[in-house]
Every structure is written in structure tokens, then in C-alpha cells.
>>> print(open('start-v9.cif').read())   # mmCIF, C-alpha atoms
data_run
#
loop_
_atom_site.group_PDB
_atom_site.id
_atom_site.type_symbol
_atom_site.label_atom_id
_atom_site.label_comp_id
_atom_site.auth_asym_id
_atom_site.auth_seq_id
_atom_site.Cartn_x
_atom_site.Cartn_y
_atom_site.Cartn_z
ATOM 1 C CA MET A 27 0.000 0.000 0.000
ATOM 2 C CA SER A 28 1.392 3.415 -0.932
ATOM 3 C CA ALA A 29 1.538 6.361 1.411
ATOM 4 C CA ASP A 30 -1.144 8.119 -0.653
ATOM 5 C CA THR A 31 -3.429 5.146 -0.387
ATOM 6 C CA GLU A 32 -2.772 4.941 3.308
ATOM 7 C CA GLU A 33 -3.797 8.560 3.814
ATOM 8 C CA LEU A 34 -6.995 8.048 1.869
ATOM 9 C CA ALA A 35 -7.933 4.710 3.367
ATOM 10 C CA ALA A 36 -11.218 4.780 5.234
ATOM 11 C CA SER A 37 -10.907 1.171 6.329
ATOM 12 C CA THR A 38 -8.184 -1.396 6.668
ATOM 13 C CA ASN A 39 -7.498 -4.876 7.931
ATOM 14 C CA ASP A 40 -3.874 -4.018 8.717
ATOM 15 C CA PRO A 41 -3.311 -3.329 12.432
ATOM 16 C CA ASP A 42 -0.382 -0.994 11.733
ATOM 17 C CA TYR A 43 -2.469 1.199 9.417
ATOM 18 C CA ALA A 44 -5.476 0.940 11.698
ATOM 19 C CA ALA A 45 -3.436 2.225 14.630
ATOM 20 C CA LYS A 46 -2.387 5.308 12.636
ATOM 21 C CA MET A 47 -5.864 5.804 11.225
ATOM 22 C CA LEU A 48 -7.455 5.750 14.668
ATOM 23 C CA GLY A 49 -4.758 7.833 16.341
ATOM 24 C CA TYR A 50 -3.128 5.277 18.638
ATOM 25 C CA ASP A 51 0.529 4.393 18.979
ATOM 26 C CA ARG A 52 1.138 0.764 18.089
ATOM 27 C CA LYS A 53 1.660 -0.412 21.681
ATOM 28 C CA THR A 54 -1.548 1.167 22.899
ATOM 29 C CA PHE A 55 -3.401 -0.193 19.890
ATOM 30 C CA GLY A 56 -2.142 -3.709 20.679
ATOM 31 C CA LYS A 57 -3.252 -3.458 24.281
ATOM 32 C CA ILE A 58 -6.729 -2.379 23.249
ATOM 33 C CA LEU A 59 -6.893 -5.152 20.656
ATOM 34 C CA HIS A 60 -5.866 -7.664 23.332
ATOM 35 C CA ILE A 61 -9.142 -7.093 25.181
ATOM 36 C CA PHE A 62 -11.351 -5.984 22.283
ATOM 37 C CA LYS A 63 -11.265 -9.330 20.517
ATOM 38 C CA PRO A 64 -12.035 -11.676 23.432
ATOM 39 C CA ASP A 65 -14.623 -9.260 24.827
ATOM 40 C CA ASN A 66 -16.420 -9.630 21.521
ATOM 41 C CA GLY A 67 -16.087 -13.371 21.158
ATOM 42 C CA LEU A 68 -13.154 -13.299 18.746
ATOM 43 C CA GLY A 69 -9.798 -15.054 18.877
ATOM 44 C CA PRO A 70 -6.407 -13.403 18.384
ATOM 45 C CA ALA A 71 -6.142 -14.759 14.826
ATOM 46 C CA ASP A 72 -9.564 -13.552 13.664
ATOM 47 C CA ASN A 73 -9.091 -10.881 11.000
ATOM 48 C CA VAL A 74 -11.194 -7.786 11.440
ATOM 49 C CA ILE A 75 -11.652 -4.581 9.443
ATOM 50 C CA TRP A 76 -11.316 -1.193 11.086
ATOM 51 C CA HIS A 77 -13.140 1.866 9.770
ATOM 52 C CA ASP A 78 -11.922 5.399 10.350
ATOM 53 C CA ASN A 79 -14.665 6.142 12.871
ATOM 54 C CA GLY A 80 -13.482 3.224 15.012
ATOM 55 C CA ASP A 81 -16.152 0.762 13.931
ATOM 56 C CA VAL A 82 -14.882 -2.797 13.616
ATOM 57 C CA TYR A 83 -16.362 -5.507 11.398
ATOM 58 C CA PHE A 84 -15.767 -9.240 11.296
ATOM 59 C CA LYS A 85 -16.970 -11.278 8.307
ATOM 60 C CA GLY A 86 -19.222 -8.373 7.339
ATOM 61 C CA SER A 87 -20.852 -8.016 10.739
ATOM 62 C CA TYR A 88 -20.454 -5.040 13.027
ATOM 63 C CA ILE A 89 -18.595 -6.049 16.173
ATOM 64 C CA GLY A 90 -18.134 -2.848 18.124
ATOM 65 C CA ASN A 91 -16.386 0.494 18.163
ATOM 66 C CA PHE A 92 -12.706 0.189 18.932
ATOM 67 C CA HIS A 93 -12.608 3.468 20.879
ATOM 68 C CA GLY A 94 -15.030 1.960 23.361
ATOM 69 C CA TRP A 95 -12.223 -0.274 24.606
ATOM 70 C CA ALA A 96 -9.691 2.537 25.081
ATOM 71 C CA ASP A 97 -8.946 3.842 28.569
ATOM 72 C CA MET B 12 -3.339 6.113 29.090
ATOM 73 C CA LYS B 13 -1.305 4.221 31.684
ATOM 74 C CA ASP B 14 2.394 3.627 31.075
ATOM 75 C CA HIS B 15 3.012 0.596 28.972
ATOM 76 C CA GLN B 16 3.714 -2.618 30.847
ATOM 77 C CA LEU B 17 5.172 -5.458 28.828
ATOM 78 C CA ALA B 18 2.945 -8.042 30.483
ATOM 79 C CA HIS B 19 -0.329 -8.458 32.303
ATOM 80 C CA ALA B 20 -2.972 -11.139 32.746
ATOM 81 C CA THR B 21 -6.742 -11.301 32.594
ATOM 82 C CA PHE B 22 -8.929 -14.043 34.052
ATOM 83 C CA TYR B 23 -11.899 -14.863 31.830
ATOM 84 C CA ILE B 24 -14.992 -16.963 32.372
ATOM 85 C CA SER B 25 -17.023 -17.103 29.168
ATOM 86 C CA GLY B 26 -19.971 -18.932 27.687
ATOM 87 C CA ASP B 27 -23.171 -18.383 25.774
ATOM 88 C CA SER B 28 -25.388 -18.839 28.837
ATOM 89 C CA LEU B 29 -23.052 -17.221 31.352
ATOM 90 C CA GLU B 30 -24.719 -15.230 34.134
ATOM 91 C CA PRO B 31 -22.229 -12.631 35.408
ATOM 92 C CA ALA B 32 -24.000 -12.153 38.747
ATOM 93 C CA PHE B 33 -23.443 -15.809 39.586
ATOM 94 C CA TRP B 34 -19.692 -15.503 39.090
ATOM 95 C CA SER B 35 -19.443 -12.226 40.997
ATOM 96 C CA ALA B 36 -21.095 -13.949 43.942
ATOM 97 C CA TYR B 37 -19.053 -17.119 43.547
ATOM 98 C CA PHE B 38 -15.705 -15.289 43.649
ATOM 99 C CA ASN B 39 -17.014 -12.425 45.817
ATOM 100 C CA VAL B 40 -15.205 -10.127 43.399
ATOM 101 C CA LYS B 41 -16.459 -7.273 41.251
ATOM 102 C CA PRO B 42 -15.357 -7.895 37.646
ATOM 103 C CA ASP B 43 -13.706 -5.344 35.398
ATOM 104 C CA LEU B 44 -16.252 -6.233 32.736
ATOM 105 C CA ALA B 45 -19.339 -8.426 32.671
ATOM 106 C CA ILE B 46 -21.394 -9.173 29.574
ATOM 107 C CA THR B 47 -24.540 -11.221 29.202
ATOM 108 C CA ARG B 48 -24.923 -12.585 25.692
ATOM 109 C CA GLY B 49 -27.726 -10.812 23.842
ATOM 110 C CA GLN B 50 -27.910 -7.937 26.325
ATOM 111 C CA PRO B 51 -26.573 -4.374 26.001
ATOM 112 C CA PHE B 52 -23.539 -3.590 28.123
ATOM 113 C CA ILE B 53 -21.186 -0.771 29.058
ATOM 114 C CA THR B 54 -17.858 -0.874 27.238
ATOM 115 C CA PRO B 55 -14.573 -0.397 29.139
ATOM 116 C CA SER B 56 -14.532 3.309 28.201
ATOM 117 C CA GLY B 57 -17.937 3.729 29.811
ATOM 118 C CA ARG B 58 -19.977 3.988 26.628
ATOM 119 C CA PRO B 59 -23.128 1.945 25.990
ATOM 120 C CA SER B 60 -22.573 -0.806 23.439
ATOM 121 C CA ARG B 61 -24.359 -0.280 20.114
ATOM 122 C CA ILE B 62 -25.149 -3.958 19.790
ATOM 123 C CA PRO B 63 -25.910 -6.640 22.390
ATOM 124 C CA GLY B 64 -23.090 -8.731 23.770
ATOM 125 C CA ARG B 65 -21.884 -11.391 21.341
ATOM 126 C CA VAL B 66 -20.659 -13.634 24.154
ATOM 127 C CA GLY B 67 -21.277 -13.966 27.866
ATOM 128 C CA LEU B 68 -18.195 -13.171 29.882
ATOM 129 C CA TRP B 69 -16.872 -12.214 33.278
ATOM 130 C CA ARG B 70 -13.335 -10.915 33.521
ATOM 131 C CA ILE B 71 -10.872 -9.326 35.899
ATOM 132 C CA GLY B 72 -7.355 -8.208 35.093
ATOM 133 C CA SER B 73 -4.100 -7.562 36.892
ATOM 134 C CA GLU B 74 -2.824 -4.541 34.982
ATOM 135 C CA VAL B 75 -3.912 -1.827 37.381
ATOM 136 C CA ALA B 76 -2.960 -3.673 40.573
ATOM 137 C CA VAL B 77 0.419 -5.117 39.580
ATOM 138 C CA ARG B 78 3.456 -3.332 38.197
ATOM 139 C CA SER B 79 5.678 -5.874 36.495
ATOM 140 C CA ASN B 80 6.842 -6.738 32.998
ATOM 141 C CA SER B 81 6.825 -10.436 33.919
ATOM 142 C CA LEU B 82 3.712 -12.580 33.966
ATOM 143 C CA GLU B 83 4.239 -14.416 37.243
ATOM 144 C CA PRO B 84 3.352 -11.525 39.596
ATOM 145 C CA HIS B 85 0.230 -10.813 37.536
ATOM 146 C CA LEU B 86 -0.890 -14.422 37.594
ATOM 147 C CA ARG B 87 -0.177 -14.877 41.310
ATOM 148 C CA TYR B 88 -2.162 -11.724 42.081
ATOM 149 C CA LEU B 89 -5.196 -13.097 40.246
ATOM 150 C CA VAL B 90 -4.823 -16.541 41.838
ATOM 151 C CA GLU B 91 -4.946 -14.944 45.290
ATOM 152 C CA ARG B 92 -7.683 -12.454 44.403
ATOM 153 C CA LEU B 93 -9.929 -15.243 43.123
ATOM 154 C CA GLY B 94 -9.089 -17.767 45.822
ATOM 155 C CA LEU B 95 -7.788 -20.361 43.392
ATOM 156 C CA PRO B 96 -7.700 -23.286 43.288
ATOM 157 C CA ARG B 97 -11.317 -24.142 44.117
ATOM 158 C CA ALA B 98 -12.392 -27.742 44.401
ATOM 159 C CA ASP B 99 -15.857 -27.219 42.932
ATOM 160 C CA LEU B 100 -14.932 -24.948 40.063
ATOM 161 C CA ARG B 101 -14.288 -27.583 37.417
ATOM 162 C CA GLN B 102 -17.758 -29.105 37.822
ATOM 163 C CA ILE B 103 -19.449 -25.705 37.942
ATOM 164 C CA LEU B 104 -17.823 -24.811 34.638
ATOM 165 C CA VAL B 105 -19.056 -28.073 33.107
ATOM 166 C CA ASP B 106 -22.574 -27.620 34.509
ATOM 167 C CA ASN B 107 -22.748 -24.097 33.049
ATOM 168 C CA GLY B 108 -21.056 -24.825 29.739
ATOM 169 C CA ALA B 109 -18.473 -22.187 30.573
ATOM 170 C CA ARG B 110 -14.821 -21.776 29.638
ATOM 171 C CA MET B 111 -12.112 -20.479 31.973
ATOM 172 C CA ARG B 112 -8.707 -19.094 31.094
ATOM 173 C CA PHE B 113 -5.913 -16.774 31.943
ATOM 174 C CA PHE B 114 -5.413 -14.637 28.829
ATOM 175 C CA CYS B 115 -1.984 -13.055 29.029
ATOM 176 C CA TYR B 116 -0.767 -9.939 27.250
ATOM 177 C CA TRP B 117 2.875 -10.356 26.299
ATOM 178 C CA TYR B 118 4.749 -7.594 24.492
ATOM 179 C CA ASN B 119 7.769 -8.963 22.698
ATOM 180 C CA GLU B 120 9.031 -6.374 20.249
ATOM 181 C CA ARG B 121 12.395 -8.009 19.552
ATOM 182 C CA GLY B 122 11.158 -11.567 19.900
ATOM 183 C CA ASP B 123 13.635 -12.367 22.658
ATOM 184 C CA ARG B 124 11.326 -12.558 25.684
ATOM 185 C CA VAL B 125 9.972 -15.893 26.865
ATOM 186 C CA PRO B 126 6.628 -15.826 28.727
ATOM 187 C CA ASP B 127 7.121 -16.853 32.349
ATOM 188 C CA VAL B 128 4.049 -18.900 33.244
ATOM 189 C CA PRO B 129 4.837 -20.850 36.443
ATOM 190 C CA ASP B 130 4.341 -24.596 36.117
ATOM 191 C CA ASP B 131 2.209 -24.755 39.265
ATOM 192 C CA ILE B 132 -0.266 -22.228 37.875
ATOM 193 C CA ARG B 133 -0.474 -23.946 34.498
ATOM 194 C CA THR B 134 -1.024 -27.288 36.259
ATOM 195 C CA MET B 135 -3.618 -25.823 38.607
ATOM 196 C CA MET B 136 -5.587 -24.297 35.753
ATOM 197 C CA GLY B 137 -5.476 -27.563 33.835
ATOM 198 C CA ALA B 138 -6.767 -29.468 36.864
ATOM 199 C CA MET B 139 -9.726 -27.070 37.095
ATOM 200 C CA GLY B 140 -10.480 -27.374 33.386
ATOM 201 C CA GLY B 141 -8.960 -24.045 32.421
ATOM 202 C CA THR B 142 -6.098 -22.864 30.248
ATOM 203 C CA VAL B 143 -3.328 -20.298 30.210
ATOM 204 C CA GLU B 144 -3.019 -18.530 26.850
ATOM 205 C CA ILE B 145 -0.394 -16.084 25.656
ATOM 206 C CA ASP B 146 -1.373 -13.246 23.326
ATOM 207 C CA GLU B 147 1.946 -12.016 21.965
ATOM 208 C CA HIS B 148 2.299 -8.549 20.467
ATOM 209 C CA ARG B 149 5.238 -7.006 18.636
#
>>> encode(input="start-v9.cif", output="C-alpha cells")
Amino acid sequence: MSADTEELAASTNDPDYAAKMLGYDRKTFGKILHIFKPDNGLGPADNVIWHDNGDVYFKGSYIGNFHGWAD
Amino acid sequence: MKDHQLAHATFYISGDSLEPAFWSAYFNVKPDLAITRGQPFITPSGRPSRIPGRVGLWRIGSEVAVRSNSLEPHLRYLVERLGLPRADLRQILVDNGARMRFFCYWYNERGDRVPDVPDDIRTMMGAMGGTVEIDEHR
């Protein structure tokens, strides 16, 4: 993915891009993800899609808003 | 945001028919988060969930109470807090179709840290029908 594409992306399944898109440093993002997935019935390996408003989808279904799991 | 610890542990009880109030009474502990499947809940940031809970769960973590980058102090804190082991817990889990685990955050940026789960805790959890799982982040 190019830098231009990254800046324009409104959703991504890449945790590194999602962290930037949602405004978290990578460590903080990982800590949130650590509880977000099990709290929503997902395993660590389940691939989700983040949208730029924080909404997270899994297999096309809305799971929750990522910001809701931040401190 | 709290400073970043390289390790912490969370104790989870989960299941489709899990009743959080039962587990709060059983452990005599207030959970960090409780969700009843199919019911709205309050997310960790204090916001109402937009959709009902996808899974029933009861969890409590060590991160706030323990300052350590190793897992052992986090796990031992939770063992003491929850009064583990408990002789009746394995059967209660079976009767309620519930799953129990320690879910451990492990930050390992350079890939040179080995998670320190004490053998006695892993054995104890196994004897009660639970697991210890490592969620490694880089």
C-alpha cells in the first residue's frame, strides 16, 4: 500500500495502518486489541476490518467500536 | 493512558449462557467487565454498546494492581484475588457450559522474551479445566 493510499484509506485490515488511522501508537493499539477481541467473542487470529470512525467488522458483521475499549 | 507494561494477565470466564452475577457472587469479586450474551452492556470506556453482547463473559485483570513486565506476579495476584484453586470450580464450569482461562498480554518487540508462566499455575488451571493462553504482540 502506498503512502497516498494509506492517507486516503477509510478502512483497513492491517493493524499498523489501523493504529495510525485511529490515532493510537502501536503499543496502545495492541493493548486495546488484546481485550477488544475476546470481549467480543473473537480469537487473536480472527481478522477484522477497522473503519476510520473506530467501527470494527468481522466477516461483514459489526462487532463494536474500537474506541469503546480505550482507557 | 497508563504507562506501557510489557505483560499483564486477565482471568476470563465465558460462555453463551453465562450469568455474570453468579460468578461475581461465587468469587465475591467485582469484575472489570461483565457481559450477558444478547444484552446491552457498558464498554470499558464507559460507553453503551451499540449492539448486544456477542458472548457472555466475566473478567478481571491484573494490569492496574500489579506493576511488572513479567507474567508471574500478575498471575499470582489473580490466583490470590480469586481464591484459586477451588475444588468445585471444574464441575461448575461443566454444569454451566463455561470456559475459563488466563489470557496473558505479552509484548515482545524483539522476539527475545519468553513468557514466564509458572508450572504450578499452568497445572492448577489444567486441573480445574482451564487454560493459560499467551497473546503475543510485537
>>> atom_distance(input="start-v9.cif", atom1="CA of Arg149 (chain B)", atom2="CA of Val90 (chain B)")
27.0 Å
>>> closest_atom_pairs(input="start-v9.cif", of="chain B", to="chain A", cutoff="7 Å", atoms="only C-alpha atoms", output="tab-separated table")
residue	atom	partner	partner_atom	distance
B:Met12	CA	A:Asp97	CA	6.1
B:Thr54	CA	A:Gly94	CA	5.6
B:Pro55	CA	A:Trp95	CA	5.1
B:Ser56	CA	A:Gly94	CA	5.0
B:Arg58	CA	A:Gly94	CA	6.3
B:Arg65	CA	A:Asn66	CA	5.7
B:Val66	CA	A:Gly67	CA	5.5
B:Tyr116	CA	A:His60	CA	6.8
B:His148	CA	A:Gly56	CA	6.6
>>> write_last_selection(input="start-v9.cif", atoms="C-alpha atoms", output="PDB file, in the frame of the given file")
ATOM      1  CA  MET B  12      -3.339   6.113  29.090  1.00  0.00           C
ATOM      2  CA  THR B  54     -17.858  -0.874  27.238  1.00  0.00           C
ATOM      3  CA  PRO B  55     -14.573  -0.397  29.139  1.00  0.00           C
ATOM      4  CA  SER B  56     -14.532   3.309  28.201  1.00  0.00           C
ATOM      5  CA  ARG B  58     -19.977   3.988  26.628  1.00  0.00           C
ATOM      6  CA  ARG B  65     -21.884 -11.391  21.341  1.00  0.00           C
ATOM      7  CA  VAL B  66     -20.659 -13.634  24.154  1.00  0.00           C
ATOM      8  CA  TYR B 116      -0.767  -9.939  27.250  1.00  0.00           C
ATOM      9  CA  HIS B 148       2.299  -8.549  20.467  1.00  0.00           C
TER      10      HIS B 148
END
>>> residues_around(input="start-v9.cif", residues="region 102-106 of chain B", least_positions_apart="3", cutoff="9 Å", atoms="all atoms listed in the file", output="list in words")
Ile24, Ala98, Asp99, Ala109, Arg110, Met111, Met139 and Gly140 of chain B
>>> resolve_selection(input="start-v9.cif", expression="the PyMOL selection byres ((chain B and resi 131-135) around 10)", output="JSON, numbers by chain")
{"B": [83, 86, 87, 90, 95, 96, 97, 113, 128, 129, 130, 136, 137, 138, 139, 140, 141, 142, 143, 144]}
>>> resolve_selection(input="start-v9.cif", expression="the PyMOL selection byres ((chain B and resi 147) around 6)", output="list of chain:residue names")
B:Trp117, B:Tyr118, B:Ile145, B:Asp146, B:His148
>>> resolve_selection(input="start-v9.cif", expression="the PyMOL selection byres ((chain B and resi 82) around 8)", output="list in words")
Ala18, His19, Ala20, Ser79, Asn80, Ser81, Glu83, Pro84, His85, Leu86, Cys115, Pro126, Asp127 and Val128 of chain B
>>> write_last_selection(input="start-v9.cif", atoms="C-alpha atoms", output="compact mmCIF listing (two decimals), in the coordinates of the input")
# COMPACT_ATOMS: atom_id res chain seq x y z
CA ALA B 18 2.94 -8.04 30.48
CA HIS B 19 -0.33 -8.46 32.30
CA ALA B 20 -2.97 -11.14 32.75
CA SER B 79 5.68 -5.87 36.49
CA ASN B 80 6.84 -6.74 33.00
CA SER B 81 6.82 -10.44 33.92
CA GLU B 83 4.24 -14.42 37.24
CA PRO B 84 3.35 -11.52 39.60
CA HIS B 85 0.23 -10.81 37.54
CA LEU B 86 -0.89 -14.42 37.59
CA CYS B 115 -1.98 -13.06 29.03
CA PRO B 126 6.63 -15.83 28.73
CA ASP B 127 7.12 -16.85 32.35
CA VAL B 128 4.05 -18.90 33.24
>>> atom_distance(input="start-v9.cif", atom1="CA of Ala45 (chain B)", atom2="CA of Pro31 (chain B)")
5.8 Å
>>> atom_distance(input="start-v9.cif", atom1="CA of Asp42 (chain A)", atom2="CA of Val82 (chain A)")
14.7 Å
>>> build_atoms(input="start-v9.cif", residues="region 56-72 of chain B", atoms="N, CA and C atoms", output="mmCIF file, keeping the file's coordinate frame")
data_model
loop_
_atom_site.group_PDB
_atom_site.id
_atom_site.type_symbol
_atom_site.label_atom_id
_atom_site.label_comp_id
_atom_site.auth_asym_id
_atom_site.auth_seq_id
_atom_site.Cartn_x
_atom_site.Cartn_y
_atom_site.Cartn_z
ATOM 1 N N SER B 56 -14.685 1.851 28.148
ATOM 2 C CA SER B 56 -14.532 3.309 28.201
ATOM 3 C C SER B 56 -15.747 3.984 28.828
ATOM 4 N N GLY B 57 -16.754 3.187 29.161
ATOM 5 C CA GLY B 57 -17.937 3.729 29.811
ATOM 6 C C GLY B 57 -19.066 4.085 28.873
ATOM 7 N N ARG B 58 -18.931 3.690 27.602
ATOM 8 C CA ARG B 58 -19.977 3.988 26.628
ATOM 9 C C ARG B 58 -20.925 2.792 26.489
ATOM 10 N N PRO B 59 -22.205 3.056 26.251
ATOM 11 C CA PRO B 59 -23.128 1.945 25.990
ATOM 12 C C PRO B 59 -22.752 1.242 24.679
ATOM 13 N N SER B 60 -22.841 -0.070 24.671
ATOM 14 C CA SER B 60 -22.573 -0.806 23.439
ATOM 15 C C SER B 60 -23.687 -0.549 22.436
ATOM 16 N N ARG B 61 -23.331 -0.508 21.144
ATOM 17 C CA ARG B 61 -24.359 -0.280 20.114
ATOM 18 C C ARG B 61 -25.102 -1.544 19.762
ATOM 19 N N ILE B 62 -24.482 -2.681 20.042
ATOM 20 C CA ILE B 62 -25.149 -3.958 19.790
ATOM 21 C C ILE B 62 -25.064 -4.806 21.056
ATOM 22 N N PRO B 63 -25.964 -5.777 21.194
ATOM 23 C CA PRO B 63 -25.910 -6.640 22.390
ATOM 24 C C PRO B 63 -24.614 -7.436 22.431
ATOM 25 N N GLY B 64 -24.282 -7.926 23.599
ATOM 26 C CA GLY B 64 -23.090 -8.731 23.770
ATOM 27 C C GLY B 64 -23.107 -9.965 22.882
ATOM 28 N N ARG B 65 -21.979 -10.229 22.225
ATOM 29 C CA ARG B 65 -21.884 -11.391 21.341
ATOM 30 C C ARG B 65 -21.554 -12.658 22.109
ATOM 31 N N VAL B 66 -21.056 -12.485 23.338
ATOM 32 C CA VAL B 66 -20.659 -13.634 24.154
ATOM 33 C C VAL B 66 -20.877 -13.250 25.617
ATOM 34 N N GLY B 67 -21.197 -14.236 26.436
ATOM 35 C CA GLY B 67 -21.277 -13.966 27.866
ATOM 36 C C GLY B 67 -19.882 -14.060 28.462
ATOM 37 N N LEU B 68 -19.526 -13.095 29.270
ATOM 38 C CA LEU B 68 -18.195 -13.171 29.882
ATOM 39 C C LEU B 68 -18.143 -12.419 31.207
ATOM 40 N N TRP B 69 -17.179 -12.830 31.986
ATOM 41 C CA TRP B 69 -16.872 -12.214 33.278
ATOM 42 C C TRP B 69 -15.365 -12.169 33.344
ATOM 43 N N ARG B 70 -14.803 -10.977 33.520
ATOM 44 C CA ARG B 70 -13.335 -10.915 33.521
ATOM 45 C C ARG B 70 -12.809 -9.928 34.537
ATOM 46 N N ILE B 71 -11.596 -10.243 35.022
ATOM 47 C CA ILE B 71 -10.872 -9.326 35.899
ATOM 48 C C ILE B 71 -9.392 -9.403 35.534
ATOM 49 N N GLY B 72 -8.745 -8.251 35.512
ATOM 50 C CA GLY B 72 -7.355 -8.208 35.093
ATOM 51 C C GLY B 72 -6.421 -7.754 36.203
#
